[in-house]
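Working notes, structure below.
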Amino acid sequence: MIPDLSLTFNQVLDIETPERTQIWGPAIMQGNLVIAYAPTGVGKSLWAWSLGYAAAVGAKFLNHVCPKTYKVLLVEGELGAVTTKKRLQMIQAASPYSVRGDHFRVISKDQTGGTLWNMSDPQMQHRYNAQIQDADLIIIDNLMVAASPLNRHDDEIAMWNRLAPWLFMLRDSGRTVIMVAHTNKTGVFAGVQAKMNLMDTVIELRPPETSRAIAGTEFELHYRKTRDVKKTDALPLHVQYLEGPDGVSRWSWSELQDEQYAIVQRMKCEGLTRREVAKQLGLTYRQVSFQWDKWEVEA
């Protein structure tokens, strides 16, 4: 006979649960599974690595402050040692803080025999467990390289079904996992719905609505899924990574609506109509009108 395993309402309320802390704002908490996806070349790896550095030193990154120092493990599968070192030096140069001891560790294909251990293989997951040790935040860059088919008959769903239990185990142990994922030309990554369903937070990084040449990185950050997060804590951002007069590249950000407002204001001053602005920016007439009318009131 199967015993009754259900809990009463009050028994659930009496359960002692550890208080979770923010890793990076309310949308990325301790014990969250996160996917950040974008097309190639948008800047998702640089964004994820910079976030990891901020978590390791307890610093501000974009619009959120990492409230304390966390131990970070970066699993990097594409770049060689030379490029990895150069990118980390760039990130460090922009920060007034240095990483202490083992607060930021890297495991790459250089340490695993030229190819990353396959995370979709349960046997390889045991190897990763030994490397994770006491890491609070694990960054997997990127998911396509880290989790690959075991044979030619393997498919995306089968791989994900083997990977998901391991990710749940990491989450249940209080670890946060950020997975960087590539999209195809239409802006979708493989198995998107199955993966999104299991995530606590899904972030899309995409090129800005207005295409312009800049000497750096520029994208929009959109939260596609969050759990128990107020809308005001997950507003879309306009993000740039540009080199300053001192030769050091740094991050800057603004709320996306503020960026659109500035562009609409400039184009209106140039004499364009609302419909012309909407067409050039790829926005709806209603979106342009909101910024247009706001400008007229404030003017």
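Going through the structure tokens in order, the chains are called A, B, and so on, while each chain numbers its residues from 1 and the ligands are numbered from 1 in the order shown.
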Quick check for you: according to DSSP on this backbone, which residues of region 38-265 of chain A are classed as helix (DSSP H, G or I)? Reply as an MDAnalysis selection string. chainID A and resid 44:57 81:93 122:132 143:146 156:172 192:198 231:233 256:265
Could you pull out all residues of region 46-267 of chain A with a DSSP call of strand (DSSP E) and give them as a PDB file with C-alpha atoms, in the first residue's frame?
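Writing the result to result_38.pdb gives the following:
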```
ATOM      1  CA  LYS A  60      27.564  46.449  -9.783  1.00  0.00           C
ATOM      2  CA  PHE A  61      26.900  45.266 -13.323  1.00  0.00           C
ATOM      3  CA  HIS A  64      21.921  45.587 -10.562  1.00  0.00           C
ATOM      4  CA  VAL A  65      24.405  45.157  -7.738  1.00  0.00           C
ATOM      5  CA  VAL A  72      31.923  31.402  -9.930  1.00  0.00           C
ATOM      6  CA  LEU A  73      32.791  28.575 -12.333  1.00  0.00           C
ATOM      7  CA  LEU A  74      32.909  29.419 -16.041  1.00  0.00           C
ATOM      8  CA  VAL A  75      32.617  26.417 -18.372  1.00  0.00           C
ATOM      9  CA  GLU A  76      33.992  27.707 -21.688  1.00  0.00           C
ATOM     10  CA  PHE A 104      36.415  32.861 -10.400  1.00  0.00           C
ATOM     11  CA  ARG A 105      37.523  29.580 -11.920  1.00  0.00           C
ATOM     12  CA  VAL A 106      37.540  28.510 -15.575  1.00  0.00           C
ATOM     13  CA  ILE A 107      37.320  25.052 -17.059  1.00  0.00           C
ATOM     14  CA  SER A 108      37.709  24.883 -20.822  1.00  0.00           C
ATOM     15  CA  LEU A 137      27.259  30.375  -9.898  1.00  0.00           C
ATOM     16  CA  ILE A 138      27.973  28.194 -12.923  1.00  0.00           C
ATOM     17  CA  ILE A 139      28.137  29.812 -16.366  1.00  0.00           C
ATOM     18  CA  ILE A 140      27.947  27.436 -19.335  1.00  0.00           C
ATOM     19  CA  ASP A 141      29.178  29.100 -22.535  1.00  0.00           C
ATOM     20  CA  THR A 176      22.614  29.152  -9.961  1.00  0.00           C
ATOM     21  CA  VAL A 177      23.266  28.052 -13.534  1.00  0.00           C
ATOM     22  CA  ILE A 178      23.385  30.502 -16.458  1.00  0.00           C
ATOM     23  CA  MET A 179      23.418  28.809 -19.867  1.00  0.00           C
ATOM     24  CA  VAL A 180      24.418  30.837 -22.914  1.00  0.00           C
ATOM     25  CA  ALA A 181      22.673  29.658 -26.090  1.00  0.00           C
ATOM     26  CA  HIS A 182      22.960  30.449 -29.789  1.00  0.00           C
ATOM     27  CA  THR A 201      14.576  33.031 -15.992  1.00  0.00           C
ATOM     28  CA  VAL A 202      14.897  33.392 -19.761  1.00  0.00           C
ATOM     29  CA  ILE A 203      16.769  36.384 -21.189  1.00  0.00           C
ATOM     30  CA  GLU A 204      16.961  37.413 -24.826  1.00  0.00           C
ATOM     31  CA  LEU A 205      19.785  39.618 -26.073  1.00  0.00           C
ATOM     32  CA  ARG A 206      19.088  40.981 -29.518  1.00  0.00           C
ATOM     33  CA  GLY A 216      31.765  48.373 -29.774  1.00  0.00           C
ATOM     34  CA  THR A 217      28.874  46.173 -28.683  1.00  0.00           C
ATOM     35  CA  GLU A 218      25.212  47.186 -28.559  1.00  0.00           C
ATOM     36  CA  PHE A 219      22.092  45.135 -27.845  1.00  0.00           C
ATOM     37  CA  GLU A 220      18.695  45.084 -26.157  1.00  0.00           C
ATOM     38  CA  LEU A 221      18.129  42.905 -23.090  1.00  0.00           C
ATOM     39  CA  HIS A 222      14.628  41.461 -22.755  1.00  0.00           C
ATOM     40  CA  TYR A 223      13.306  39.194 -19.988  1.00  0.00           C
ATOM     41  CA  ARG A 224      11.192  36.535 -21.698  1.00  0.00           C
ATOM     42  CA  LYS A 225      10.384  34.620 -18.509  1.00  0.00           C
ATOM     43  CA  LEU A 237      17.373  47.564 -21.318  1.00  0.00           C
ATOM     44  CA  HIS A 238      19.413  49.191 -24.032  1.00  0.00           C
ATOM     45  CA  VAL A 239      23.020  48.083 -23.416  1.00  0.00           C
ATOM     46  CA  GLN A 240      26.343  49.227 -24.847  1.00  0.00           C
ATOM     47  CA  TYR A 241      29.953  48.150 -24.350  1.00  0.00           C
ATOM     48  CA  LEU A 242      32.203  50.920 -25.667  1.00  0.00           C
ATOM     49  CA  GLU A 243      35.831  51.948 -25.380  1.00  0.00           C
ATOM     50  CA  SER A 249      35.888  49.361 -22.641  1.00  0.00           C
ATOM     51  CA  ARG A 250      33.025  49.689 -20.159  1.00  0.00           C
ATOM     52  CA  TRP A 251      29.342  48.819 -19.973  1.00  0.00           C
ATOM     53  CA  SER A 252      26.547  51.384 -20.000  1.00  0.00           C
ATOM     54  CA  TRP A 253      22.797  50.986 -20.004  1.00  0.00           C
ATOM     55  CA  SER A 254      19.481  52.783 -20.101  1.00  0.00           C
ATOM     56  CA  GLU A 255      15.886  51.643 -19.975  1.00  0.00           C
TER      57      GLU A 255
END
```
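The shell of residues at most 8 Å from region 170-175 of chain A, with only C-alpha atoms counted and near chain neighbours (fewer than 4 positions) removed, consists of Gln30, Gly31, Asn32, Leu33, Ala135, Asp136, Leu137, Ile138 and Trp166 of chain A.
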Just want the 10 Å neighbourhood of region 112-120 of chain A, counted on only C-alpha atoms, with same-chain residues fewer than 6 positions away dropped. Output as a list in words.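 So, after excluding close chain neighbours, the residues are Val75, Glu76, Gly77, Glu78, Gly80, His126, Arg127, Tyr128, Leu143, Val145, Ala146, Ala147, Ser148, Pro149, Leu150, Glu156, Ala158, Met159, Trp160, Asn161, Arg162, Leu163, Ala164, Trp166 and Leu167 of chain A.
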Selection file, N, CA, C and O atoms, as a compact mmCIF listing (two decimals), in the first residue's frame:
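The result, written out as result_26.txt:
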```
# COMPACT_ATOMS: atom_id res chain seq x y z
N VAL A 75 32.35 27.55 -17.49
CA VAL A 75 32.62 26.42 -18.37
C VAL A 75 32.63 26.97 -19.79
O VAL A 75 31.60 27.36 -20.33
N GLU A 76 33.82 27.03 -20.40
CA GLU A 76 33.99 27.71 -21.69
C GLU A 76 34.40 26.68 -22.74
O GLU A 76 35.39 25.99 -22.58
N GLY A 77 33.64 26.61 -23.84
CA GLY A 77 33.87 25.55 -24.80
C GLY A 77 34.34 25.96 -26.17
O GLY A 77 34.60 25.09 -27.00
N GLU A 78 34.44 27.24 -26.45
CA GLU A 78 34.75 27.67 -27.82
C GLU A 78 36.12 28.32 -27.97
O GLU A 78 36.84 28.05 -28.92
N GLY A 80 40.06 29.53 -27.25
CA GLY A 80 41.30 28.97 -26.74
C GLY A 80 41.82 29.79 -25.59
O GLY A 80 41.25 30.81 -25.20
N HIS A 126 29.17 13.45 -13.86
CA HIS A 126 29.89 13.14 -12.63
C HIS A 126 31.26 13.83 -12.63
O HIS A 126 31.75 14.26 -11.57
N ARG A 127 31.88 13.92 -13.80
CA ARG A 127 33.17 14.61 -13.88
C ARG A 127 33.01 16.10 -13.56
O ARG A 127 33.83 16.69 -12.87
N TYR A 128 31.93 16.67 -14.09
CA TYR A 128 31.68 18.09 -13.81
C TYR A 128 31.40 18.32 -12.33
O TYR A 128 31.80 19.34 -11.77
N LEU A 143 25.73 26.40 -24.56
CA LEU A 143 24.99 25.16 -24.37
C LEU A 143 25.17 24.20 -25.54
O LEU A 143 25.24 22.99 -25.35
N VAL A 145 27.73 23.73 -27.47
CA VAL A 145 29.03 23.07 -27.42
C VAL A 145 29.12 22.13 -26.23
O VAL A 145 29.67 21.03 -26.32
N ALA A 146 28.56 22.54 -25.10
CA ALA A 146 28.68 21.77 -23.86
C ALA A 146 27.82 20.50 -23.86
O ALA A 146 28.18 19.51 -23.22
N ALA A 147 26.67 20.55 -24.54
CA ALA A 147 25.76 19.39 -24.57
C ALA A 147 25.54 19.00 -26.03
O ALA A 147 24.83 19.70 -26.76
N SER A 148 26.11 17.90 -26.44
CA SER A 148 26.05 17.48 -27.84
C SER A 148 25.52 16.05 -27.93
O SER A 148 25.46 15.32 -26.94
N PRO A 149 25.10 15.62 -29.14
CA PRO A 149 24.56 14.25 -29.30
C PRO A 149 25.57 13.17 -28.94
O PRO A 149 26.78 13.33 -29.17
N LEU A 150 25.08 12.08 -28.38
CA LEU A 150 25.95 10.94 -28.05
C LEU A 150 26.22 10.08 -29.28
O LEU A 150 27.24 9.39 -29.34
N GLU A 156 17.56 16.45 -30.01
CA GLU A 156 17.56 17.53 -29.02
C GLU A 156 16.74 17.17 -27.78
O GLU A 156 17.14 17.47 -26.66
N ALA A 158 16.01 14.14 -26.56
CA ALA A 158 16.68 13.10 -25.79
C ALA A 158 17.85 13.69 -24.99
O ALA A 158 18.05 13.36 -23.81
N MET A 159 18.59 14.59 -25.63
CA MET A 159 19.71 15.22 -24.92
C MET A 159 19.22 16.03 -23.73
O MET A 159 19.79 15.97 -22.63
N TRP A 160 18.15 16.78 -23.95
CA TRP A 160 17.62 17.63 -22.89
C TRP A 160 17.07 16.80 -21.74
O TRP A 160 17.20 17.17 -20.57
N ASN A 161 16.45 15.65 -22.06
CA ASN A 161 15.91 14.78 -21.01
C ASN A 161 17.01 14.19 -20.14
O ASN A 161 16.77 13.85 -18.97
N ARG A 162 18.21 14.05 -20.68
CA ARG A 162 19.33 13.58 -19.86
C ARG A 162 19.98 14.72 -19.10
O ARG A 162 20.50 14.53 -18.01
N LEU A 163 19.95 15.91 -19.68
CA LEU A 163 20.60 17.06 -19.06
C LEU A 163 19.76 17.66 -17.93
O LEU A 163 20.30 18.08 -16.90
N ALA A 164 18.43 17.70 -18.11
CA ALA A 164 17.55 18.38 -17.17
C ALA A 164 17.67 17.85 -15.73
O ALA A 164 17.76 18.66 -14.80
N TRP A 166 20.15 16.64 -14.16
CA TRP A 166 21.40 17.13 -13.58
C TRP A 166 21.30 18.61 -13.23
O TRP A 166 21.73 19.04 -12.16
N LEU A 167 20.66 19.39 -14.12
CA LEU A 167 20.45 20.81 -13.83
C LEU A 167 19.57 21.00 -12.60
O LEU A 167 19.81 21.88 -11.77
```
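Of the listed residues (A:Tyr97, A:Leu13, A:Trp49, A:Lys85), A:Trp49 comes nearest to Ala36 (chain A); the distances count only C-alpha atoms.
When only C-alpha atoms are used to measure the gap to Ser45 (chain A), the shortest distance among A:Val12, A:Ala278, A:Leu79, A:Ala93 belongs to A:Leu79.
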Counting only C-alpha atoms, which residue out of A:Ala54, A:Ser95, A:Gln131, A:Lys230 sits closest to Gln111 (chain A)?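 Checking each of A:Ala54, A:Ser95, A:Gln131, A:Lys230 against Gln111 (chain A), counting only C-alpha atoms, the winner is A:Gln131.
For the set A:Asp110, A:Asp121, A:Glu276, A:Asp134, the residue with the smallest atom-to-atom gap to Tyr70 (chain A) is A:Asp134, counting only C-alpha atoms.
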Identify which of the residues A:Val229, A:Ala262, A:Ile35, A:Met90 lies closest to Met196 (chain A), counting only C-alpha atoms when measuring atom-to-atom distances.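 Of the candidates, the smallest distance to Met196 (chain A) is held by A:Ile35.
The space between CA of Met1 (chain A) and CA of Phe168 (chain A) spans 29.1 Å.
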